[in-house]
Structure formats: structure tokens, C-alpha cells
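> entry-v9.cif is reproduced in full below (mmCIF, C-alpha atoms).
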```cif
data_my_file
#
loop_
_atom_site.label_atom_id
_atom_site.label_comp_id
_atom_site.auth_asym_id
_atom_site.auth_seq_id
_atom_site.Cartn_x
_atom_site.Cartn_y
_atom_site.Cartn_z
CA MET Q 1 1.24 -29.29 -57.14
CA SER Q 2 0.52 -26.95 -54.27
CA LEU Q 3 0.83 -28.12 -50.72
CA PRO Q 4 -2.30 -28.05 -48.58
CA SER Q 5 -2.51 -25.05 -46.36
CA ARG Q 6 -1.80 -25.64 -42.70
CA PRO Q 7 -4.97 -25.43 -40.59
CA ALA Q 8 -5.26 -22.53 -38.23
CA SER Q 9 -4.09 -23.29 -34.71
CA SER Q 10 -6.83 -24.58 -32.46
CA GLN Q 11 -4.84 -23.78 -29.33
CA PRO Q 12 -7.23 -22.17 -26.85
CA ALA Q 13 -6.50 -18.68 -25.61
CA PRO Q 14 -4.95 -18.50 -22.12
CA LEU Q 15 -7.46 -18.17 -19.31
CA ARG Q 16 -7.69 -14.80 -17.56
CA LEU Q 17 -9.00 -13.97 -14.08
CA ALA Q 18 -10.18 -10.78 -12.34
CA LEU Q 19 -10.08 -11.44 -8.60
CA PHE Q 20 -12.16 -8.89 -6.65
CA ASP Q 21 -12.07 -7.92 -3.02
CA CYS Q 22 -15.60 -7.63 -1.57
CA ASP Q 23 -15.91 -5.09 1.29
CA GLY Q 24 -14.96 -1.63 0.05
CA THR Q 25 -14.55 -2.78 -3.55
CA LEU Q 26 -17.76 -4.50 -4.65
CA VAL Q 27 -19.98 -3.35 -1.77
CA ASP Q 28 -19.99 -0.59 0.83
CA SER Q 29 -20.24 -2.55 4.07
CA GLN Q 30 -18.44 -0.20 6.45
CA PHE Q 31 -21.48 0.78 8.53
CA ALA Q 32 -22.62 -2.81 9.07
CA ILE Q 33 -19.07 -3.78 10.06
CA ILE Q 34 -18.69 -0.87 12.47
CA ASP Q 35 -22.07 -1.62 14.08
CA ALA Q 36 -21.17 -5.30 14.62
CA MET Q 37 -17.74 -4.40 16.00
CA THR Q 38 -19.34 -1.88 18.37
CA ALA Q 39 -21.70 -4.59 19.65
CA ALA Q 40 -18.77 -6.99 20.15
CA TRP Q 41 -16.79 -4.34 22.07
CA ALA Q 42 -19.81 -3.72 24.33
CA GLU Q 43 -20.27 -7.43 25.03
CA HIS Q 44 -16.69 -7.63 26.31
CA GLY Q 45 -16.68 -4.34 28.20
CA LEU Q 46 -14.22 -2.68 25.83
CA GLY Q 47 -16.05 0.61 25.42
CA GLU Q 48 -16.54 1.75 21.82
CA PRO Q 49 -14.14 1.17 18.93
CA ASP Q 50 -12.88 4.06 16.82
CA PRO Q 51 -14.96 3.82 13.61
CA MET Q 52 -12.08 5.04 11.45
CA GLU Q 53 -9.73 2.45 12.91
CA VAL Q 54 -12.30 -0.30 12.32
CA ARG Q 55 -12.69 0.91 8.75
CA ARG Q 56 -8.95 0.64 8.18
CA MET Q 57 -8.95 -3.01 9.29
CA VAL Q 58 -11.60 -4.07 6.77
CA GLY Q 59 -10.09 -6.70 4.51
CA LEU Q 60 -8.05 -8.50 7.14
CA SER Q 61 -9.20 -11.76 8.67
CA LEU Q 62 -11.48 -11.03 11.61
CA VAL Q 63 -9.25 -12.32 14.42
CA GLU Q 64 -6.26 -10.42 13.01
CA ALA Q 65 -8.35 -7.22 12.80
CA VAL Q 66 -9.43 -7.59 16.43
CA ALA Q 67 -5.83 -8.24 17.48
CA LEU Q 68 -4.65 -5.03 15.81
CA LEU Q 69 -7.50 -3.02 17.32
CA GLN Q 70 -7.02 -4.52 20.81
CA PRO Q 71 -3.32 -5.49 21.05
CA SER Q 72 -3.40 -5.66 24.86
CA LEU Q 73 -5.87 -8.56 24.89
CA ALA Q 74 -4.75 -12.18 25.02
CA PRO Q 75 -5.03 -14.25 21.82
CA ALA Q 76 -7.94 -16.23 23.28
CA ASP Q 77 -9.78 -12.95 23.89
CA HIS Q 78 -9.19 -11.89 20.29
CA VAL Q 79 -10.95 -15.07 19.19
CA ALA Q 80 -13.79 -14.50 21.66
CA VAL Q 81 -14.36 -10.93 20.47
CA ALA Q 82 -14.31 -12.11 16.86
CA GLU Q 83 -17.00 -14.68 17.67
CA SER Q 84 -19.09 -11.96 19.31
CA TYR Q 85 -18.72 -9.89 16.16
CA LYS Q 86 -19.94 -12.79 14.02
CA ARG Q 87 -23.00 -13.27 16.23
CA ALA Q 88 -23.81 -9.55 16.17
CA PHE Q 89 -23.47 -9.36 12.40
CA ALA Q 90 -25.59 -12.48 11.87
CA ALA Q 91 -28.28 -11.14 14.21
CA SER Q 92 -28.38 -7.83 12.33
CA ARG Q 93 -28.66 -9.66 9.02
CA SER Q 94 -31.50 -11.84 10.32
CA ARG Q 95 -33.37 -8.66 11.34
CA GLY Q 96 -32.85 -7.18 7.87
CA GLU Q 97 -30.67 -4.39 9.23
CA VAL Q 98 -27.52 -5.06 7.17
CA ASP Q 99 -27.15 -2.75 4.19
CA GLU Q 100 -24.23 -3.54 1.86
CA PRO Q 101 -24.98 -1.70 -1.40
CA LEU Q 102 -23.00 -2.30 -4.57
CA PHE Q 103 -20.80 0.61 -5.55
CA PRO Q 104 -21.92 2.43 -8.73
CA GLY Q 105 -20.65 0.91 -11.96
CA ILE Q 106 -19.73 -2.48 -10.51
CA LEU Q 107 -22.40 -4.40 -12.42
CA ASP Q 108 -21.28 -2.72 -15.66
CA THR Q 109 -17.65 -3.66 -15.09
CA LEU Q 110 -18.52 -7.29 -14.26
CA ALA Q 111 -20.54 -7.53 -17.47
CA ALA Q 112 -17.74 -5.97 -19.53
CA LEU Q 113 -15.15 -8.39 -18.16
CA GLU Q 114 -17.42 -11.38 -18.77
CA GLU Q 115 -18.05 -10.19 -22.32
CA ALA Q 116 -14.26 -10.04 -22.83
CA GLY Q 117 -13.99 -13.65 -21.68
CA VAL Q 118 -12.38 -12.88 -18.32
CA LEU Q 119 -13.24 -15.18 -15.42
CA LEU Q 120 -14.46 -13.51 -12.22
CA GLY Q 121 -13.46 -14.40 -8.67
CA VAL Q 122 -13.56 -13.02 -5.14
CA ALA Q 123 -10.85 -12.94 -2.46
CA THR Q 124 -12.16 -11.47 0.78
CA GLY Q 125 -11.64 -11.30 4.51
CA LYS Q 126 -15.35 -12.06 4.89
CA SER Q 127 -16.56 -15.46 5.99
CA ARG Q 128 -17.99 -17.71 3.30
CA ARG Q 129 -21.42 -17.34 4.89
CA GLY Q 130 -21.17 -13.56 4.74
CA LEU Q 131 -19.92 -13.56 1.16
CA ASP Q 132 -22.69 -15.91 0.05
CA ALA Q 133 -25.26 -13.58 1.64
CA VAL Q 134 -23.85 -10.56 -0.22
CA LEU Q 135 -23.80 -12.34 -3.57
CA LYS Q 136 -27.30 -13.71 -3.10
CA GLY Q 137 -28.63 -10.32 -2.01
CA HIS Q 138 -27.36 -8.69 -5.20
CA GLY Q 139 -28.26 -11.51 -7.58
CA LEU Q 140 -24.60 -12.34 -8.18
CA THR Q 141 -24.61 -15.99 -7.12
CA GLY Q 142 -22.93 -18.00 -9.87
CA ARG Q 143 -21.19 -15.02 -11.49
CA PHE Q 144 -17.86 -15.77 -9.78
CA VAL Q 145 -16.04 -19.01 -10.57
CA THR Q 146 -13.83 -18.98 -7.46
CA LEU Q 147 -14.69 -17.69 -3.99
CA GLN Q 148 -11.80 -17.32 -1.56
CA THR Q 149 -12.55 -16.35 2.04
CA ALA Q 150 -10.69 -16.10 5.32
CA ASP Q 151 -12.35 -19.29 6.60
CA VAL Q 152 -9.61 -21.45 5.10
CA GLY Q 153 -5.94 -20.68 5.45
CA PRO Q 154 -4.22 -17.34 6.07
CA GLY Q 155 -5.84 -14.06 5.07
CA LYS Q 156 -4.48 -10.96 3.37
CA PRO Q 157 -1.78 -9.90 2.67
CA ASN Q 158 -0.61 -13.51 2.55
CA PRO Q 159 -0.78 -14.71 -1.11
CA HIS Q 160 -2.61 -17.92 -0.16
CA MET Q 161 -6.06 -16.84 -1.38
CA VAL Q 162 -4.70 -15.85 -4.79
CA GLN Q 163 -2.77 -19.09 -5.05
CA ARG Q 164 -5.89 -21.11 -4.22
CA ALA Q 165 -7.86 -19.19 -6.84
CA LEU Q 166 -5.23 -19.91 -9.48
CA ALA Q 167 -5.16 -23.60 -8.55
CA GLU Q 168 -8.96 -23.81 -8.77
CA THR Q 169 -9.27 -22.02 -12.11
CA GLY Q 170 -6.07 -23.07 -13.87
CA VAL Q 171 -5.19 -19.43 -14.60
CA ALA Q 172 -1.52 -18.42 -14.61
CA GLU Q 173 -0.08 -15.58 -12.56
CA ALA Q 174 0.42 -13.52 -15.74
CA GLY Q 175 -3.29 -13.82 -16.53
CA THR Q 176 -4.54 -12.63 -13.15
CA VAL Q 177 -5.40 -9.19 -11.74
CA VAL Q 178 -6.47 -8.45 -8.16
CA ILE Q 179 -8.88 -5.54 -7.65
CA GLY Q 180 -9.11 -4.03 -4.18
CA ASP Q 181 -9.46 -0.93 -2.05
CA THR Q 182 -6.84 -1.55 0.66
CA THR Q 183 -3.12 -1.95 0.93
CA TYR Q 184 -3.79 -5.52 2.10
CA ASP Q 185 -5.21 -6.32 -1.35
CA ILE Q 186 -2.29 -4.73 -3.17
CA GLN Q 187 0.29 -6.41 -0.94
CA MET Q 188 -1.46 -9.77 -1.42
CA ALA Q 189 -1.25 -9.32 -5.18
CA ARG Q 190 2.43 -8.42 -5.04
CA ASN Q 191 3.16 -11.37 -2.77
CA ALA Q 192 1.39 -13.63 -5.26
CA ARG Q 193 3.23 -12.03 -8.22
CA VAL Q 194 0.08 -10.88 -9.98
CA ALA Q 195 -1.04 -7.44 -11.18
CA SER Q 196 -3.34 -5.20 -9.18
CA VAL Q 197 -5.87 -2.42 -9.56
CA GLY Q 198 -6.55 -0.14 -6.60
CA VAL Q 199 -9.97 1.52 -6.31
CA SER Q 200 -10.32 4.96 -4.73
CA TRP Q 201 -13.83 4.60 -3.27
CA GLY Q 202 -12.93 2.17 -0.50
CA TYR Q 203 -11.30 2.27 2.91
CA HIS Q 204 -7.63 3.15 2.26
CA ALA Q 205 -6.44 6.36 0.65
CA VAL Q 206 -5.07 6.51 -2.89
CA PRO Q 207 -1.50 7.50 -1.83
CA GLU Q 208 -1.40 4.38 0.37
CA LEU Q 209 -2.47 2.19 -2.54
CA GLU Q 210 0.18 3.78 -4.73
CA ARG Q 211 2.90 3.24 -2.13
CA ALA Q 212 1.80 -0.37 -1.74
CA GLY Q 213 2.51 -0.87 -5.45
CA ALA Q 214 -0.86 -0.84 -7.24
CA ASP Q 215 -0.32 -1.12 -11.00
CA ARG Q 216 -3.36 1.04 -11.73
CA ILE Q 217 -5.70 3.28 -9.70
CA VAL Q 218 -9.30 3.85 -10.80
CA HIS Q 219 -11.92 6.24 -9.49
CA ARG Q 220 -15.18 4.88 -10.94
CA GLY Q 221 -16.62 1.38 -10.94
CA ARG Q 222 -17.03 1.26 -14.69
CA GLU Q 223 -13.30 2.04 -15.15
CA VAL Q 224 -12.21 -1.22 -13.53
CA ALA Q 225 -12.81 -3.34 -16.63
CA ASP Q 226 -10.64 -1.13 -18.84
CA ALA Q 227 -7.81 -1.14 -16.30
CA VAL Q 228 -7.96 -4.92 -15.88
CA LEU Q 229 -7.99 -5.58 -19.61
CA GLU Q 230 -5.10 -3.17 -20.15
CA LEU Q 231 -3.01 -5.03 -17.56
CA LEU Q 232 -3.91 -8.42 -19.02
CA GLU Q 233 -2.91 -7.35 -22.52
CA ARG Q 234 0.43 -5.72 -21.69
#
```
Translate the structure of the given file into C-alpha cells.

Amino acid sequence: MSLPSRPASSQPAPLRLALFDCDGTLVDSQFAIIDAMTAAWAEHGLGEPDPMEVRRMVGLSLVEAVALLQPSLAPADHVAVAESYKRAFAASRSRGEVDEPLFPGILDTLAALEEAGVLLGVATGKSRRGLDAVLKGHGLTGRFVTLQTADVGPGKPNPHMVQRALAETGVAEAGTVVIGDTTYDIQMARNARVASVGVSWGYHAVPELERAGADRIVHRGREVADAVLELLER
């Protein structure tokens, strides 16, 4: 008499998460950011900011970015300038002057990751209001299962946003990859003990991303999905 065969395991596959930066990774927002920072500088009599220096601060929380750009100001002034920036950006958006186009290939890579069963998330120095506006403007509302912004808790490179995303989704560190264009993204990933993909089309140079410890570097939007899946399967 033969024994009945054991049923195949019904254990679900581990969850996997691709956690994207927004500015400089999903969308090119540098000109809108520089314009709003220039308006904030003018409101406080600070002259004009260096556009390249502003660009390098993209990804940090707003108050921290202002503090690095204007270290001689008092902390209360950093907050005041940041609030001026927010008002200037919101006013530009209400006038329809904010252009934050998706980088080429991003929609293809999001679709490929979803098809592979990978959850999508965002971890950004943007405010939640700003992130919601970007996602709505590109028809991406609902595509990302976790949205982490600098409104709550410390920003990059602190690991807090990654940790919140993992807590919300139930994904383990080993099943998570951060995708970003700055050293702040890569350092955040390393601090959170997750893998990272650096993208070359953003606001920090490739050698900087490599020195920060990016596990992979990609040069086209459609290459992100392959790099993420390779890291998740290693």
C-alpha cells in the first residue's frame, strides 16, 4: 500500500519591496525646487542661492537642507526660510508653473516590478502634500503601498523611513531594495541594512554613489527593475 503523497507547501512567498526616492529618481524636479528656494532666499534678504548647491541638497529634509545652505543662520531662521520655500512652491503649483516630469523608462520599470510581484513604495524628503501632488499628476496614486515623507520623524540618511516602510508592509530587510539618486539614499539604505540601487540621472554623481556603497548603478529607467530583481534573488 503506497502512502499518500505529501501536498505541496502552501507557504506564501516572502514579500518584496522596491522603495523609490522621488526627486531625481522618479521625477526631475530640480528646476521647481531651485525656483522655490530662490524665492525663499529673496523673501529673507539672502541674495540668490547657488543652483548647484541647492541641487545637491535635494533629498534631505527641507529644514536640514536650508541649514546646510545657510549655516550662519539661527535654527529658528532655518525653519522660517523652509516655510517660505513651502509657500513659494505651493504658489507655483497653484499657478500651474511646477513641472516635475517622470524620467524616461520609469513607468516601464514600475510595471515590470509589479508584474514580478514586488511591492512599490516611496521614501522622500518631500512633504506628503508635495508627494501626493506628484503621484496624482502622473496618474500614480495607488501604485505605491507605502509612502514615507519627511513630515514624520527624521529624514535621510537616517534609516527611519525605511524602517517605517518595513513595519507598514511586513517586508523583511532582506526583501527590500532602496532606489535613489543621491548619497543620502544610499546611506539610508546602508543604515537600514537593506540593498540599494543608485541611478545616474539624478543629482549626485556616479562616483559618489559608488563610494557611498550602492550595490548596483543603473543608467536608464528601464534598467532599474532588472537590478532590483537581481538583488532580491541573490
> Would you mind reading off the distance between CA of Ala67 in chain Q and CA of Asp185 in chain Q, one decimal, in Å?
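Computing the Euclidean distance for CA of Ala67 in chain Q and CA of Asp185 in chain Q yields 18.9 Å.
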> Mind checking which residues fall within 9 Å of Arg55 in chain Q, counting only C-alpha atoms, ignoring those fewer than 2 positions away in the same chain, and posting them as a compact mmCIF listing (two decimals) with C-alpha atoms, in the coordinates of the input?

```txt
# COMPACT_ATOMS: atom_id res chain seq x y z
CA GLN Q 30 -18.44 -0.20 6.45
CA PHE Q 31 -21.48 0.78 8.53
CA ILE Q 33 -19.07 -3.78 10.06
CA ILE Q 34 -18.69 -0.87 12.47
CA ASP Q 50 -12.88 4.06 16.82
CA PRO Q 51 -14.96 3.82 13.61
CA MET Q 52 -12.08 5.04 11.45
CA GLU Q 53 -9.73 2.45 12.91
CA MET Q 57 -8.95 -3.01 9.29
CA VAL Q 58 -11.60 -4.07 6.77
CA TYR Q 203 -11.30 2.27 2.91
CA HIS Q 204 -7.63 3.15 2.26
```
> At a cut-off of 9 Å, using only C-alpha atoms, what residues contact Val79 in chain Q? Leave out same-chain residues fewer than 6 positions from it and give the result as a VMD selection string.
chain Q and resid 62 to 63 66 to 67
> Neighbouring residues of range 142-152 of chain Q were defined as those with any atom within 9 Å, considering all atoms listed in the file; residues of the same chain fewer than 2 positions away were excluded. Please report them as number ranges by chain.
Q: 19, 60-62, 110, 114, 119-128, 131, 135, 139-140, 154-156, 161-162, 164-166, 168-169
> Those residues you just picked out, can you put them in a file as a PDB file, in the frame of the given file with C-alpha atoms?

```pdb
ATOM      1  CA  LEU Q  19     -10.080 -11.440  -8.600  1.00  0.00           C
ATOM      2  CA  LEU Q  60      -8.050  -8.500   7.140  1.00  0.00           C
ATOM      3  CA  SER Q  61      -9.200 -11.760   8.670  1.00  0.00           C
ATOM      4  CA  LEU Q  62     -11.480 -11.030  11.610  1.00  0.00           C
ATOM      5  CA  LEU Q 110     -18.520  -7.290 -14.260  1.00  0.00           C
ATOM      6  CA  GLU Q 114     -17.420 -11.380 -18.770  1.00  0.00           C
ATOM      7  CA  LEU Q 119     -13.240 -15.180 -15.420  1.00  0.00           C
ATOM      8  CA  LEU Q 120     -14.460 -13.510 -12.220  1.00  0.00           C
ATOM      9  CA  GLY Q 121     -13.460 -14.400  -8.670  1.00  0.00           C
ATOM     10  CA  VAL Q 122     -13.560 -13.020  -5.140  1.00  0.00           C
ATOM     11  CA  ALA Q 123     -10.850 -12.940  -2.460  1.00  0.00           C
ATOM     12  CA  THR Q 124     -12.160 -11.470   0.780  1.00  0.00           C
ATOM     13  CA  GLY Q 125     -11.640 -11.300   4.510  1.00  0.00           C
ATOM     14  CA  LYS Q 126     -15.350 -12.060   4.890  1.00  0.00           C
ATOM     15  CA  SER Q 127     -16.560 -15.460   5.990  1.00  0.00           C
ATOM     16  CA  ARG Q 128     -17.990 -17.710   3.300  1.00  0.00           C
ATOM     17  CA  LEU Q 131     -19.920 -13.560   1.160  1.00  0.00           C
ATOM     18  CA  LEU Q 135     -23.800 -12.340  -3.570  1.00  0.00           C
ATOM     19  CA  GLY Q 139     -28.260 -11.510  -7.580  1.00  0.00           C
ATOM     20  CA  LEU Q 140     -24.600 -12.340  -8.180  1.00  0.00           C
ATOM     21  CA  PRO Q 154      -4.220 -17.340   6.070  1.00  0.00           C
ATOM     22  CA  GLY Q 155      -5.840 -14.060   5.070  1.00  0.00           C
ATOM     23  CA  LYS Q 156      -4.480 -10.960   3.370  1.00  0.00           C
ATOM     24  CA  MET Q 161      -6.060 -16.840  -1.380  1.00  0.00           C
ATOM     25  CA  VAL Q 162      -4.700 -15.850  -4.790  1.00  0.00           C
ATOM     26  CA  ARG Q 164      -5.890 -21.110  -4.220  1.00  0.00           C
ATOM     27  CA  ALA Q 165      -7.860 -19.190  -6.840  1.00  0.00           C
ATOM     28  CA  LEU Q 166      -5.230 -19.910  -9.480  1.00  0.00           C
ATOM     29  CA  GLU Q 168      -8.960 -23.810  -8.770  1.00  0.00           C
ATOM     30  CA  THR Q 169      -9.270 -22.020 -12.110  1.00  0.00           C
TER      31      THR Q 169
END
```
> Taking into account all atoms listed in the file, which residue in the set Q:Leu26, Q:Leu69, Q:Ala18, Q:Met37 is nearest to Val197 in chain Q?
Q:Ala18
> Determine the residue set returned by the PyMOL selection byres ((chain Q and resi 190) around 12) for the present structure, and present it as a count of residues only.
31
> With only C-alpha atoms as the basis for distance, which of Q:Glu230, Q:Gly221, Q:Ala76, Q:Leu46 is at the shortest distance from Pro104 in chain Q?
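Closest to Pro104 in chain Q of all the choices is Q:Gly221.
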> Suppose a student applies the PyMOL selection byres ((chain Q and resi 85) around 8) to this structure; what residues should they get, written as number ranges by chain?
Q: 36-37, 39-40, 81-84, 86-89
> I need every residue sitting at most 12 Å from the point (-18.5, -8.5, -20.2) (coordinates as in the file, all atoms listed in the file considered), written as a compact mmCIF listing (two decimals) with C-alpha atoms, keeping the file's coordinate frame.

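Okay, this is what ended up in point.txt:
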```txt
# COMPACT_ATOMS: atom_id res chain seq x y z
CA ALA Q 18 -10.18 -10.78 -12.34
CA ILE Q 106 -19.73 -2.48 -10.51
CA LEU Q 107 -22.40 -4.40 -12.42
CA ASP Q 108 -21.28 -2.72 -15.66
CA THR Q 109 -17.65 -3.66 -15.09
CA LEU Q 110 -18.52 -7.29 -14.26
CA ALA Q 111 -20.54 -7.53 -17.47
CA ALA Q 112 -17.74 -5.97 -19.53
CA LEU Q 113 -15.15 -8.39 -18.16
CA GLU Q 114 -17.42 -11.38 -18.77
CA GLU Q 115 -18.05 -10.19 -22.32
CA ALA Q 116 -14.26 -10.04 -22.83
CA GLY Q 117 -13.99 -13.65 -21.68
CA VAL Q 118 -12.38 -12.88 -18.32
CA LEU Q 119 -13.24 -15.18 -15.42
CA LEU Q 120 -14.46 -13.51 -12.22
CA ARG Q 143 -21.19 -15.02 -11.49
CA ARG Q 222 -17.03 1.26 -14.69
CA VAL Q 224 -12.21 -1.22 -13.53
CA ALA Q 225 -12.81 -3.34 -16.63
CA ASP Q 226 -10.64 -1.13 -18.84
CA VAL Q 228 -7.96 -4.92 -15.88
CA LEU Q 229 -7.99 -5.58 -19.61
```
> For CA of Glu43 in chain Q and CA of Asp77 in chain Q, quote the distance in Å rounded to one decimal.
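Computed distance, CA of Glu43 in chain Q to CA of Asp77 in chain Q, equals 11.9 Å.
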